[in-house]
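Pasting my_file.cif here (mmCIF, C-alpha atoms):
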data_my_file
loop_
_atom_site.label_atom_id
_atom_site.label_comp_id
_atom_site.auth_asym_id
_atom_site.auth_seq_id
_atom_site.Cartn_x
_atom_site.Cartn_y
_atom_site.Cartn_z
CA MET O 1 -82.10 93.74 7.72
CA GLU O 2 -80.91 93.21 11.28
CA ARG O 3 -82.58 89.83 11.36
CA LYS O 4 -80.58 88.54 8.41
CA LEU O 5 -77.36 89.83 9.93
CA PHE O 6 -78.02 88.10 13.24
CA LYS O 7 -79.06 84.86 11.52
CA SER O 8 -75.79 84.74 9.59
CA LEU O 9 -73.58 85.55 12.59
CA PRO O 10 -73.87 82.06 14.14
CA GLY O 11 -73.08 80.54 10.74
CA MET O 12 -70.07 82.82 10.32
CA ALA O 13 -68.90 81.99 13.85
CA ALA O 14 -69.18 78.28 13.09
CA MET O 15 -67.20 78.74 9.85
CA GLY O 16 -64.55 80.75 11.73
CA ALA O 17 -64.27 78.04 14.38
CA LEU O 18 -63.93 75.43 11.63
CA PHE O 19 -61.09 77.36 9.98
CA LEU O 20 -59.34 77.84 13.33
CA THR O 21 -59.67 74.13 14.08
CA MET O 22 -58.39 73.21 10.63
CA GLY O 23 -55.45 75.57 11.05
CA ALA O 24 -54.56 74.07 14.43
CA GLN O 25 -54.71 70.54 13.07
CA ALA O 26 -52.82 71.30 9.87
CA GLU O 27 -49.43 71.09 11.57
CA ASN O 28 -46.62 68.85 10.47
CA LEU O 29 -44.10 67.02 12.58
CA GLN O 30 -40.69 67.98 11.22
CA VAL O 31 -37.82 65.59 11.84
CA SER O 32 -34.20 66.44 11.00
CA ILE O 33 -31.58 63.71 11.06
CA GLU O 34 -27.89 64.30 10.55
CA ILE O 35 -25.88 61.46 9.04
CA PRO O 36 -22.23 62.18 9.90
CA ARG O 37 -19.43 61.84 7.36
CA LEU O 38 -17.27 58.96 8.55
CA ASN O 39 -13.65 58.48 7.59
CA VAL O 40 -13.73 54.75 6.82
CA ALA O 41 -12.33 52.61 4.02
CA GLU O 42 -15.68 51.15 2.96
CA TYR O 43 -18.65 53.47 3.46
CA HIS O 44 -22.26 52.35 3.08
CA LYS O 45 -25.28 54.58 3.59
CA PRO O 46 -27.08 53.64 6.81
CA TYR O 47 -30.53 52.17 7.05
CA VAL O 48 -32.58 54.43 9.35
CA ALA O 49 -35.91 53.93 11.10
CA VAL O 50 -37.96 56.55 12.96
CA TRP O 51 -40.93 55.79 15.21
CA LEU O 52 -42.85 57.06 18.23
CA GLU O 53 -43.18 54.70 21.15
CA ASP O 54 -45.62 55.11 24.04
CA GLU O 55 -45.03 54.01 27.64
CA SER O 56 -46.33 50.50 26.87
CA ARG O 57 -43.75 50.33 24.02
CA SER O 58 -46.41 50.36 21.30
CA ALA O 59 -44.92 51.87 18.13
CA THR O 60 -46.27 54.33 15.59
CA GLN O 61 -44.12 54.17 12.46
CA ILE O 62 -42.90 57.45 10.99
CA ALA O 63 -40.13 56.64 8.50
CA VAL O 64 -37.80 53.91 7.30
CA TRP O 65 -34.90 54.52 4.92
CA TYR O 66 -33.31 51.55 3.20
CA ASP O 67 -31.93 50.47 -0.17
CA VAL O 68 -35.20 50.31 -2.08
CA GLU O 69 -33.44 50.00 -5.43
CA MET O 70 -31.77 46.61 -4.88
CA ARG O 71 -32.80 43.93 -7.31
CA ASN O 72 -35.47 41.47 -6.14
CA ASN O 73 -36.12 43.59 -3.02
CA GLU O 74 -32.81 42.44 -1.51
CA GLY O 75 -32.63 45.63 0.57
CA GLU O 76 -35.57 44.44 2.66
CA LYS O 77 -33.66 41.48 4.02
CA TRP O 78 -31.26 43.81 5.88
CA LEU O 79 -34.03 45.74 7.64
CA LYS O 80 -33.80 43.33 10.57
CA ASP O 81 -30.40 44.90 11.33
CA LEU O 82 -32.43 47.80 12.71
CA ARG O 83 -32.98 45.57 15.74
CA GLN O 84 -35.12 47.75 18.00
CA TRP O 85 -37.28 48.98 15.14
CA TRP O 86 -37.66 45.42 13.83
CA ARG O 87 -38.93 44.28 17.25
CA ARG O 88 -41.25 47.28 17.62
CA GLY O 89 -43.27 46.63 14.50
CA GLY O 90 -40.87 46.62 11.58
CA ARG O 91 -41.21 42.89 10.99
CA SER O 92 -44.99 43.17 10.65
CA LEU O 93 -44.84 45.86 7.94
CA ASP O 94 -45.22 45.07 4.28
CA VAL O 95 -42.50 47.33 2.92
CA PRO O 96 -42.40 49.59 1.06
CA VAL O 97 -45.01 51.52 3.02
CA ASP O 98 -46.51 54.50 1.22
CA GLY O 99 -45.55 57.73 2.96
CA ILE O 100 -43.06 56.02 5.29
CA THR O 101 -40.50 54.26 3.11
CA SER O 102 -37.77 56.05 1.18
CA ALA O 103 -34.27 55.47 -0.07
CA THR O 104 -31.42 55.77 2.40
CA TYR O 105 -29.32 58.94 2.46
CA GLY O 106 -25.62 59.69 2.67
CA PRO O 107 -23.82 62.17 4.92
CA GLY O 108 -25.57 65.46 5.63
CA GLU O 109 -28.69 66.78 7.31
CA HIS O 110 -31.95 65.34 6.04
CA THR O 111 -35.30 66.85 6.99
CA PHE O 112 -38.76 65.50 6.36
CA GLU O 113 -42.25 66.39 7.48
CA VAL O 114 -45.19 64.19 8.42
CA SER O 115 -48.71 65.58 8.42
CA ILE O 116 -50.07 65.04 11.91
CA ASN O 117 -53.66 65.09 10.73
CA GLY O 118 -53.07 62.88 7.69
CA SER O 119 -51.20 60.04 9.43
CA ASP O 120 -51.36 57.61 12.34
CA LEU O 121 -50.14 60.47 14.55
CA ALA O 122 -53.68 61.90 14.56
CA ASP O 123 -54.86 58.85 16.53
CA LEU O 124 -52.27 59.07 19.30
CA ALA O 125 -53.64 59.35 22.81
CA PRO O 126 -52.24 62.17 24.95
CA GLY O 127 -49.34 61.03 27.10
CA LYS O 128 -45.62 60.42 27.35
CA TYR O 129 -43.78 59.12 24.29
CA ARG O 130 -40.27 58.71 22.94
CA LEU O 131 -39.23 59.53 19.41
CA ARG O 132 -36.74 56.81 18.57
CA VAL O 133 -34.28 56.91 15.68
CA GLU O 134 -32.16 53.89 14.86
CA ALA O 135 -29.39 53.61 12.28
CA ALA O 136 -27.44 50.56 11.11
CA ARG O 137 -24.74 50.49 8.46
CA GLU O 138 -23.22 47.57 6.56
CA VAL O 139 -19.59 47.10 7.61
CA GLY O 140 -20.29 49.71 10.26
CA GLY O 141 -22.03 50.32 13.50
CA ARG O 142 -25.50 50.59 14.92
CA GLU O 143 -26.94 53.38 17.02
CA LEU O 144 -30.25 54.20 18.68
CA VAL O 145 -31.16 57.63 20.07
CA GLU O 146 -34.39 58.79 21.64
CA ILE O 147 -36.10 62.05 22.49
CA PRO O 148 -38.64 61.96 25.35
CA LEU O 149 -41.73 64.07 24.66
CA THR O 150 -45.32 64.66 25.69
CA TRP O 151 -48.07 64.26 23.10
CA PRO O 152 -49.68 66.39 21.83
CA LEU O 153 -46.60 68.48 21.23
CA GLU O 154 -46.52 72.01 22.62
CA LYS O 155 -44.77 74.56 20.41
CA SER O 156 -43.36 76.22 23.52
CA SER O 157 -41.35 73.08 24.35
CA LEU O 158 -39.90 72.70 20.84
CA PRO O 159 -37.58 72.09 19.18
CA LEU O 160 -36.32 69.01 20.97
CA SER O 161 -33.04 67.40 20.00
CA VAL O 162 -30.47 64.77 20.85
CA LYS O 163 -27.02 64.07 19.44
CA GLY O 164 -25.80 60.64 18.47
CA SER O 165 -22.21 59.58 18.92
CA GLU O 166 -21.27 57.55 15.84
CA GLU O 167 -23.84 56.61 13.19
CA LEU O 168 -26.17 59.52 13.94
CA GLY O 169 -25.43 63.19 14.44
CA GLN O 170 -28.01 65.74 15.60
CA VAL O 171 -31.64 64.54 15.60
CA ARG O 172 -34.22 67.30 16.00
CA ILE O 173 -38.02 67.53 16.05
CA ALA O 174 -40.21 70.58 15.62
CA LEU O 175 -43.71 71.56 14.51
CA GLN O 176 -44.29 73.31 11.21
CA PRO O 177 -47.55 74.91 10.03
#
Would you give me this structure, written as structure tokens?
Amino acid sequence: MERKLFKSLPGMAAMGALFLTMGAQAENLQVSIEIPRLNVAEYHKPYVAVWLEDESRSATQIAVWYDVEMRNNEGEKWLKDLRQWWRRGGRSLDVPVDGITSATYGPGEHTFEVSINGSDLADLAPGKYRLRVEAAREVGGRELVEIPLTWPLEKSSLPLSVKGSEELGQVRIALQP
């Protein structure tokens, strides 16, 4: 009887380690972006791009919001107005990109989550990065904000946030289980 118990203990320990590892990797990057309400005569929802950039300026795409419902994919032609994003990999994407592309949003706080394990984020090398968020609005302005961070993210250092001044309000990142 003891023999069977001891033989199964290593197997149970391995299973426990697997579950702990899976639990640690099953975190999501949560990004909250506030689009401020502007008092202007002609309001258009902003196009917004979110990406992580390493010290060599290599980009990992996280999200892009644009007018996906325009006839004949006309919304895509205005993506180049997100100038920094466009230069950091936007122009090489075939949009829409599954899991990254969505419609643009109006004023308010908008939160989304990206599975770290189920995305390009899982392949990031440890190091210093910047989360960059860029917004551009037709008949409006353009704004770029960034949050410096160290990858992999440490829960003790989160949430991190920055506040835009015109086209973007509060931008916040956190980890969610």
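Each of O:Glu74, O:Asp94, O:Glu34, O:Asp81 was checked against Gly141 in chain O using only C-alpha atoms; the smallest atom-to-atom distance is that of O:Asp81.
Shortest atom-to-atom contact with Tyr129 in chain O among O:Val64, O:Leu168, O:Ala59, O:Leu175: O:Ala59, counting all atoms listed in the file.
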When the PyMOL selection byres ((chain O and resi 137) around 8) is applied to the structure above, which residues does it catch, written out as an NGL selection string? :O and (44-47 or 135-136 or 138-142 or 167)
I need the chosen residues saved as an mmCIF file, keeping the file's coordinate frame, with C-alpha atoms.
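Written out: selection_22.cif:
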data_model
loop_
_atom_site.group_PDB
_atom_site.id
_atom_site.type_symbol
_atom_site.label_atom_id
_atom_site.label_comp_id
_atom_site.auth_asym_id
_atom_site.auth_seq_id
_atom_site.Cartn_x
_atom_site.Cartn_y
_atom_site.Cartn_z
ATOM 1 C CA HIS O 44 -22.260 52.350 3.080
ATOM 2 C CA LYS O 45 -25.280 54.580 3.590
ATOM 3 C CA PRO O 46 -27.080 53.640 6.810
ATOM 4 C CA TYR O 47 -30.530 52.170 7.050
ATOM 5 C CA ALA O 135 -29.390 53.610 12.280
ATOM 6 C CA ALA O 136 -27.440 50.560 11.110
ATOM 7 C CA GLU O 138 -23.220 47.570 6.560
ATOM 8 C CA VAL O 139 -19.590 47.100 7.610
ATOM 9 C CA GLY O 140 -20.290 49.710 10.260
ATOM 10 C CA GLY O 141 -22.030 50.320 13.500
ATOM 11 C CA ARG O 142 -25.500 50.590 14.920
ATOM 12 C CA GLU O 167 -23.840 56.610 13.190
#
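Taking CA of Pro36 in chain O and CA of Val68 in chain O as the two end points, the separation is 21.3 Å.
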Would you write out, as a VMD selection string, every residue that the PyMOL selection byres ((chain O and resi 49) around 7) captures in this file? chain O and resid 47 to 48 50 to 51 63 to 65 85 133 to 135
Would you list the residues near (-20.2, 62.2, 10.6) (no more than 10 Å away, in the coordinates of the file, using all atoms listed in the file) as a VMD selection string? chain O and resid 34 to 39 106 to 108 164 to 170
Save out the residues we just selected, C-alpha atoms, as a tab-separated table (two decimals), keeping the file's coordinate frame.
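Generated output (part.tsv):
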chain	number	residue	atom	x	y	z
O	34	GLU	CA	-27.89	64.30	10.55
O	35	ILE	CA	-25.88	61.46	9.04
O	36	PRO	CA	-22.23	62.18	9.90
O	37	ARG	CA	-19.43	61.84	7.36
O	38	LEU	CA	-17.27	58.96	8.55
O	39	ASN	CA	-13.65	58.48	7.59
O	106	GLY	CA	-25.62	59.69	2.67
O	107	PRO	CA	-23.82	62.17	4.92
O	108	GLY	CA	-25.57	65.46	5.63
O	164	GLY	CA	-25.80	60.64	18.47
O	165	SER	CA	-22.21	59.58	18.92
O	166	GLU	CA	-21.27	57.55	15.84
O	167	GLU	CA	-23.84	56.61	13.19
O	168	LEU	CA	-26.17	59.52	13.94
O	169	GLY	CA	-25.43	63.19	14.44
O	170	GLN	CA	-28.01	65.74	15.60
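The shortest atom-to-atom distance to Ala122 in chain O, with only C-alpha atoms taken into account, belongs to O:Thr60 out of O:Leu82, O:Glu146, O:Glu109, O:Thr60.
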So, with all atoms listed in the file as the atoms that count, which of O:Gly89, O:Pro177, O:Gly99, O:Pro148 lies closest to Asp54 in chain O? O:Pro148
So what does the PyMOL selection byres ((chain O and resi 174) around 7) actually pick up in this one, as a VMD selection string? chain O and resid 29 to 31 158 to 160 172 to 173 175 to 176
Only C-alpha atoms, please: the residues just picked out, written as a PDB file, in the frame of the given file.
ATOM      1  CA  LEU O  29     -44.100  67.020  12.580  1.00  0.00           C
ATOM      2  CA  GLN O  30     -40.690  67.980  11.220  1.00  0.00           C
ATOM      3  CA  VAL O  31     -37.820  65.590  11.840  1.00  0.00           C
ATOM      4  CA  LEU O 158     -39.900  72.700  20.840  1.00  0.00           C
ATOM      5  CA  PRO O 159     -37.580  72.090  19.180  1.00  0.00           C
ATOM      6  CA  LEU O 160     -36.320  69.010  20.970  1.00  0.00           C
ATOM      7  CA  ARG O 172     -34.220  67.300  16.000  1.00  0.00           C
ATOM      8  CA  ILE O 173     -38.020  67.530  16.050  1.00  0.00           C
ATOM      9  CA  LEU O 175     -43.710  71.560  14.510  1.00  0.00           C
ATOM     10  CA  GLN O 176     -44.290  73.310  11.210  1.00  0.00           C
TER      11      GLN O 176
END
With distances taken over all atoms listed in the file, the candidate from O:Arg83, O:Arg130, O:Arg71, O:His110 nearest Ile147 in chain O is O:Arg130
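Going from CA of Ser156 in chain O to CA of Lys128 in chain O covers 16.4 Å.
Proximity of O:Glu27, O:Ala103, O:Gly75, O:Thr111 to Pro152 in chain O, computed with only C-alpha atoms, is greatest for O:Glu27.
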